[in-house]
2 protein chains.
Amino acid sequence: MASYSSEERAGVYRAIRERRDVRSGFSPDALPQELLLRLLASAHQAPSVGLMQPWRFVVIQSRAIREKVFDIFQDASSQEHKTYAGERAELYSRLTLQGILTAPLNLCVVCDDESSQGHSLGRHTMPETALYSAVCAIQNLWLAARAEGVGLGWVSILDTERVKSVLNVPPAMKFVGYFCMGFVESFAAEPELERVGWERRLRLEDVLRSETFDQPWGALQP
Amino acid sequence: MASYSSEERAGVYRAIRERRDVRSGFSPDALPQELLLRLLASAHQAPSVGLMQPWRFVVIQSRAIREKVFDIFQDASSQEHKTYAGERAELYSRLTLQGILTAPLNLCVVCDDESSQGHSLGRHTMPETALYSAVCAIQNLWLAARAEGVGLGWVSILDTERVKSVLNVPPAMKFVGYFCMGFVESFAAEPELERVGWERRLRLEDVLRSETFDQPWGALQP
């Protein structure tokens, strides 16, 4: 198997670097079905514990369903807003936290946590790896979408039980994430939360440790 | 911002398609530090709720530490083995479930779940998104590693509390995953679990739904 050309490799790094959480600027145009299936196929190629493949993707175009989810967002967001005070509350009101109605497509990812697929391999010790497999699928989708000029935004300010009810998701299925998705003209150079001053990016050294958690990076490096 | 060249885009799809869970065939050679940092920087570019960046990476080269983790794996795996009977128990004993000592590098990813970074944005409703952010970072790492000819394997058959103790990880930090990592000569064409007959891959249609969970894919498609 040939190694990757420098341009193929650069493509991988570029998608990782330029991926953004996109919640505005969507084109109203629907994604061509072929493109949508190519993106979902990339998600479906994610790693999964025991080859369990527990991810299930609900593709939502219906305006009526999206309006119900939008209402759920508004309730949750007005609750969250109240937890902030002063300058940060003001900053909160300026954030773009969803694109449920402006994106042509929504996606709900749930995890079939009780599937017998995979025969429980690896889940005796770490049952949470079923959910993690579904999250790996989401990240695949995010990167493939970026390379195709498709924006994807994770909407986490939702009462997930209410969303499950709107989408007829059985109780045993675990909610993983809700997304808005569509073509965008451009992707921001930096995360919105950084741009508006909500939070800054950490340096790489800040998140690295050597050998054990209590040893900072560099302690053992030459 | 220019759109992606067909080769850049192909690189993204290729890494997603050819990524494997690698637990054998490692070269004993250490990864050059520059390459290791490039891969970890890709992980650090993952999306995170509220720009929380809760991932923490413990890079482990020490043989003594890896031997302790290997012991923890052996205990957990012999427990798991006992849950299978007959043909499947025999199949289990043929699986390669870790490369802790044969890979030159191990990596433990933990999540600083109580970090004030991100100011709790999005976590009032979905506190689990901190952990999910760390999983997105892992998938970034996996894909960048694939493009560089570096194999990564997720070892989930571990008593995670014991691993935390060996690595001096404070109780408040959440264990996310443990990995073996190193150069490999080649990547398998198919997942090992598929090759040996542990599990088969699902078709894409099997994991897709239209509009609501109870409507199969295609029900509403033209």
# chains A, B, ... in the order shown; residues from 1 in each chain; ligands from 1
>>> select_by_dssp(residues="stretch 22-152 of chain A", states="helix (DSSP H, G or I)", output="PDB file with C-alpha atoms, in the first residue's frame")
ATOM      1  CA  GLN A  33     -28.140  13.098  -2.235  1.00  0.00           C
ATOM      2  CA  GLU A  34     -24.938  11.576  -3.606  1.00  0.00           C
ATOM      3  CA  LEU A  35     -22.831  14.008  -1.580  1.00  0.00           C
ATOM      4  CA  LEU A  36     -24.905  13.473   1.554  1.00  0.00           C
ATOM      5  CA  LEU A  37     -24.489   9.705   1.263  1.00  0.00           C
ATOM      6  CA  ARG A  38     -20.750  10.080   0.671  1.00  0.00           C
ATOM      7  CA  LEU A  39     -20.455  12.102   3.879  1.00  0.00           C
ATOM      8  CA  LEU A  40     -22.572   9.639   5.859  1.00  0.00           C
ATOM      9  CA  ALA A  41     -20.540   6.749   4.449  1.00  0.00           C
ATOM     10  CA  SER A  42     -17.442   8.432   5.879  1.00  0.00           C
ATOM     11  CA  ALA A  43     -19.116   8.589   9.267  1.00  0.00           C
ATOM     12  CA  HIS A  44     -20.011   4.907   8.913  1.00  0.00           C
ATOM     13  CA  VAL A  49     -15.696  -1.106  19.781  1.00  0.00           C
ATOM     14  CA  GLY A  50     -16.031  -4.765  18.752  1.00  0.00           C
ATOM     15  CA  LEU A  51     -17.034  -3.537  15.267  1.00  0.00           C
ATOM     16  CA  ARG A  63     -39.544  22.140   8.450  1.00  0.00           C
ATOM     17  CA  ALA A  64     -42.206  21.104  10.964  1.00  0.00           C
ATOM     18  CA  ILE A  65     -39.792  18.835  12.844  1.00  0.00           C
ATOM     19  CA  ARG A  66     -37.032  21.438  12.777  1.00  0.00           C
ATOM     20  CA  GLU A  67     -39.410  24.021  14.221  1.00  0.00           C
ATOM     21  CA  LYS A  68     -40.180  21.710  17.133  1.00  0.00           C
ATOM     22  CA  VAL A  69     -36.471  21.213  17.791  1.00  0.00           C
ATOM     23  CA  PHE A  70     -35.916  24.957  17.505  1.00  0.00           C
ATOM     24  CA  ASP A  71     -38.501  25.505  20.256  1.00  0.00           C
ATOM     25  CA  ILE A  72     -36.637  23.015  22.433  1.00  0.00           C
ATOM     26  CA  PHE A  73     -33.423  24.924  21.786  1.00  0.00           C
ATOM     27  CA  GLN A  74     -35.024  28.241  22.708  1.00  0.00           C
ATOM     28  CA  ASP A  75     -36.257  26.911  26.035  1.00  0.00           C
ATOM     29  CA  ALA A  76     -32.885  25.418  26.912  1.00  0.00           C
ATOM     30  CA  SER A  77     -30.971  28.473  25.795  1.00  0.00           C
ATOM     31  CA  SER A  78     -33.075  30.892  27.790  1.00  0.00           C
ATOM     32  CA  GLN A  79     -32.445  28.674  30.839  1.00  0.00           C
ATOM     33  CA  GLU A  80     -28.711  28.605  30.176  1.00  0.00           C
ATOM     34  CA  HIS A  81     -28.646  32.359  29.585  1.00  0.00           C
ATOM     35  CA  GLY A  86     -23.128  40.827  33.721  1.00  0.00           C
ATOM     36  CA  GLU A  87     -20.703  41.006  30.833  1.00  0.00           C
ATOM     37  CA  ARG A  88     -20.789  37.265  30.211  1.00  0.00           C
ATOM     38  CA  ALA A  89     -24.573  37.228  29.983  1.00  0.00           C
ATOM     39  CA  GLU A  90     -24.322  39.988  27.412  1.00  0.00           C
ATOM     40  CA  LEU A  91     -21.652  38.047  25.518  1.00  0.00           C
ATOM     41  CA  TYR A  92     -23.896  34.958  25.619  1.00  0.00           C
ATOM     42  CA  SER A  93     -26.705  36.794  23.877  1.00  0.00           C
ATOM     43  CA  ARG A  94     -24.360  37.594  21.005  1.00  0.00           C
ATOM     44  CA  THR A 129     -16.971   3.068  24.216  1.00  0.00           C
ATOM     45  CA  ALA A 130     -20.210   2.434  22.289  1.00  0.00           C
ATOM     46  CA  LEU A 131     -21.061   6.119  22.655  1.00  0.00           C
ATOM     47  CA  TYR A 132     -17.470   7.071  21.882  1.00  0.00           C
ATOM     48  CA  SER A 133     -17.644   5.112  18.630  1.00  0.00           C
ATOM     49  CA  ALA A 134     -20.602   7.254  17.571  1.00  0.00           C
ATOM     50  CA  VAL A 135     -18.603  10.383  18.402  1.00  0.00           C
ATOM     51  CA  CYS A 136     -15.718   9.156  16.218  1.00  0.00           C
ATOM     52  CA  ALA A 137     -18.254   8.817  13.397  1.00  0.00           C
ATOM     53  CA  ILE A 138     -19.314  12.423  13.932  1.00  0.00           C
ATOM     54  CA  GLN A 139     -15.731  13.654  13.680  1.00  0.00           C
ATOM     55  CA  ASN A 140     -15.252  11.723  10.413  1.00  0.00           C
ATOM     56  CA  LEU A 141     -18.372  13.407   9.069  1.00  0.00           C
ATOM     57  CA  TRP A 142     -17.156  16.814  10.195  1.00  0.00           C
ATOM     58  CA  LEU A 143     -13.835  16.506   8.393  1.00  0.00           C
ATOM     59  CA  ALA A 144     -15.256  15.068   5.164  1.00  0.00           C
ATOM     60  CA  ALA A 145     -17.882  17.827   5.184  1.00  0.00           C
ATOM     61  CA  ARG A 146     -15.174  20.480   5.568  1.00  0.00           C
ATOM     62  CA  ALA A 147     -13.299  19.121   2.560  1.00  0.00           C
TER      63      ALA A 147
END
>>> interface_residues(of="chain B", to="chain A", cutoff="6 Å", atoms="only C-alpha atoms", output="number ranges by chain")
B: 4, 7-9, 11-12, 56-60, 118, 122, 125, 136, 139, 147, 156-157, 167-169, 199, 207-213
>>> atom_distance(atom1="atom CA of A:Val163", atom2="atom CA of A:Ser24")
21.3 Å
>>> select_by_dssp(residues="stretch 43-146 of chain B", states="strand (DSSP E or B)", output="list in words")
Trp55, Arg56, Phe57, Val58, Val59, Ile60, Leu105, Asn106, Leu107, Cys108, Val109, Val110 and Cys111 of chain B
>>> write_last_selection(atoms="C-alpha atoms", output="PDB file, in the first residue's frame")
ATOM      1  CA  TRP B  55      -8.383  16.743  26.543  1.00  0.00           C
ATOM      2  CA  ARG B  56      -5.117  15.914  28.295  1.00  0.00           C
ATOM      3  CA  PHE B  57      -2.586  13.611  26.644  1.00  0.00           C
ATOM      4  CA  VAL B  58      -0.184  11.505  28.687  1.00  0.00           C
ATOM      5  CA  VAL B  59       2.608  10.287  26.393  1.00  0.00           C
ATOM      6  CA  ILE B  60       4.135   7.106  27.778  1.00  0.00           C
ATOM      7  CA  LEU B 105       4.636   4.590  22.461  1.00  0.00           C
ATOM      8  CA  ASN B 106       1.484   4.488  24.560  1.00  0.00           C
ATOM      9  CA  LEU B 107      -0.935   7.331  25.013  1.00  0.00           C
ATOM     10  CA  CYS B 108      -3.544   7.873  27.675  1.00  0.00           C
ATOM     11  CA  VAL B 109      -6.241  10.474  27.012  1.00  0.00           C
ATOM     12  CA  VAL B 110      -8.078  11.909  29.992  1.00  0.00           C
ATOM     13  CA  CYS B 111     -10.676  14.632  30.223  1.00  0.00           C
TER      14      CYS B 111
END
>>> atom_distance(atom1="atom CA of A:Val196", atom2="atom CA of A:Leu95")
8.1 Å
>>> atom_distance(atom1="atom CA of B:Asp113", atom2="atom CA of B:Met173")
6.1 Å
>>> residues_around(residues="A:Val184", least_positions_apart="6", cutoff="10 Å", atoms="only C-alpha atoms", output="ChimeraX atom specification")
/A:22-29,103,146,148-152
>>> write_last_selection(atoms="N, CA and C atoms", output="PDB file, in the first residue's frame")
ATOM      1  N   VAL A  22     -20.033  25.235  12.528  1.00  0.00           N
ATOM      2  CA  VAL A  22     -20.718  26.209  11.679  1.00  0.00           C
ATOM      3  C   VAL A  22     -22.198  26.289  12.044  1.00  0.00           C
ATOM      4  N   ARG A  23     -22.663  27.479  12.373  1.00  0.00           N
ATOM      5  CA  ARG A  23     -24.074  27.637  12.757  1.00  0.00           C
ATOM      6  C   ARG A  23     -24.746  28.808  12.060  1.00  0.00           C
ATOM      7  N   SER A  24     -24.035  29.381  11.075  1.00  0.00           N
ATOM      8  CA  SER A  24     -24.632  30.485  10.322  1.00  0.00           C
ATOM      9  C   SER A  24     -24.023  30.522   8.928  1.00  0.00           C
ATOM     10  N   GLY A  25     -24.639  31.309   8.061  1.00  0.00           N
ATOM     11  CA  GLY A  25     -24.102  31.462   6.709  1.00  0.00           C
ATOM     12  C   GLY A  25     -24.445  30.325   5.777  1.00  0.00           C
ATOM     13  N   PHE A  26     -25.455  29.520   6.151  1.00  0.00           N
ATOM     14  CA  PHE A  26     -25.813  28.378   5.302  1.00  0.00           C
ATOM     15  C   PHE A  26     -26.517  28.823   4.026  1.00  0.00           C
ATOM     16  N   SER A  27     -26.192  28.157   2.943  1.00  0.00           N
ATOM     17  CA  SER A  27     -26.981  28.283   1.724  1.00  0.00           C
ATOM     18  C   SER A  27     -28.264  27.477   1.918  1.00  0.00           C
ATOM     19  N   PRO A  28     -29.396  27.970   1.401  1.00  0.00           N
ATOM     20  CA  PRO A  28     -30.645  27.189   1.550  1.00  0.00           C
ATOM     21  C   PRO A  28     -30.685  25.952   0.652  1.00  0.00           C
ATOM     22  N   ASP A  29     -29.731  25.848  -0.277  1.00  0.00           N
ATOM     23  CA  ASP A  29     -29.750  24.714  -1.213  1.00  0.00           C
ATOM     24  C   ASP A  29     -29.573  23.380  -0.492  1.00  0.00           C
ATOM     25  N   ALA A 103     -30.214  26.203   8.295  1.00  0.00           N
ATOM     26  CA  ALA A 103     -29.541  25.150   7.516  1.00  0.00           C
ATOM     27  C   ALA A 103     -30.603  24.304   6.822  1.00  0.00           C
ATOM     28  N   ARG A 146     -16.039  19.298   5.768  1.00  0.00           N
ATOM     29  CA  ARG A 146     -15.174  20.480   5.568  1.00  0.00           C
ATOM     30  C   ARG A 146     -14.494  20.442   4.207  1.00  0.00           C
ATOM     31  N   GLU A 148     -15.543  19.185   1.612  1.00  0.00           N
ATOM     32  CA  GLU A 148     -16.550  19.359   0.554  1.00  0.00           C
ATOM     33  C   GLU A 148     -17.207  20.737   0.592  1.00  0.00           C
ATOM     34  N   GLY A 149     -16.751  21.599   1.498  1.00  0.00           N
ATOM     35  CA  GLY A 149     -17.369  22.919   1.604  1.00  0.00           C
ATOM     36  C   GLY A 149     -18.713  22.912   2.308  1.00  0.00           C
ATOM     37  N   VAL A 150     -18.952  21.857   3.075  1.00  0.00           N
ATOM     38  CA  VAL A 150     -20.207  21.727   3.817  1.00  0.00           C
ATOM     39  C   VAL A 150     -19.944  22.039   5.293  1.00  0.00           C
ATOM     40  N   GLY A 151     -20.743  22.946   5.840  1.00  0.00           N
ATOM     41  CA  GLY A 151     -20.589  23.303   7.250  1.00  0.00           C
ATOM     42  C   GLY A 151     -21.438  22.409   8.136  1.00  0.00           C
ATOM     43  N   LEU A 152     -20.900  22.091   9.304  1.00  0.00           N
ATOM     44  CA  LEU A 152     -21.614  21.270  10.273  1.00  0.00           C
ATOM     45  C   LEU A 152     -21.498  21.957  11.625  1.00  0.00           C
TER      46      LEU A 152
END
>>> decode(residues="stretch 180-204 of chain A", atoms="C-alpha atoms", output="PDB file, in the first residue's frame")
ATOM      1  CA  CYS A 180     -27.226  21.600  11.505  1.00  0.00           C
ATOM      2  CA  MET A 181     -25.652  21.102   8.121  1.00  0.00           C
ATOM      3  CA  GLY A 182     -25.441  22.752   4.714  1.00  0.00           C
ATOM      4  CA  PHE A 183     -23.214  24.401   2.136  1.00  0.00           C
ATOM      5  CA  VAL A 184     -21.472  27.563   3.266  1.00  0.00           C
ATOM      6  CA  GLU A 185     -19.632  30.181   1.252  1.00  0.00           C
ATOM      7  CA  SER A 186     -16.736  30.399   3.684  1.00  0.00           C
ATOM      8  CA  PHE A 187     -15.417  29.051   6.951  1.00  0.00           C
ATOM      9  CA  ALA A 188     -14.202  31.358   9.698  1.00  0.00           C
ATOM     10  CA  ALA A 189     -10.454  31.611  10.196  1.00  0.00           C
ATOM     11  CA  GLU A 190     -10.849  31.066  13.939  1.00  0.00           C
ATOM     12  CA  PRO A 191     -13.496  29.550  16.219  1.00  0.00           C
ATOM     13  CA  GLU A 192     -16.332  31.992  16.892  1.00  0.00           C
ATOM     14  CA  LEU A 193     -15.904  31.612  20.651  1.00  0.00           C
ATOM     15  CA  GLU A 194     -12.320  32.774  20.295  1.00  0.00           C
ATOM     16  CA  ARG A 195     -13.214  35.659  18.001  1.00  0.00           C
ATOM     17  CA  VAL A 196     -15.885  37.090  20.283  1.00  0.00           C
ATOM     18  CA  GLY A 197     -13.768  36.621  23.405  1.00  0.00           C
ATOM     19  CA  TRP A 198     -15.722  33.832  25.110  1.00  0.00           C
ATOM     20  CA  GLU A 199     -12.644  31.651  25.511  1.00  0.00           C
ATOM     21  CA  ARG A 200      -9.059  31.470  24.276  1.00  0.00           C
ATOM     22  CA  ARG A 201      -7.194  28.555  22.776  1.00  0.00           C
ATOM     23  CA  LEU A 202      -4.781  26.658  25.005  1.00  0.00           C
ATOM     24  CA  ARG A 203      -1.208  26.057  23.932  1.00  0.00           C
ATOM     25  CA  LEU A 204      -0.385  22.490  22.966  1.00  0.00           C
TER      26      LEU A 204
END
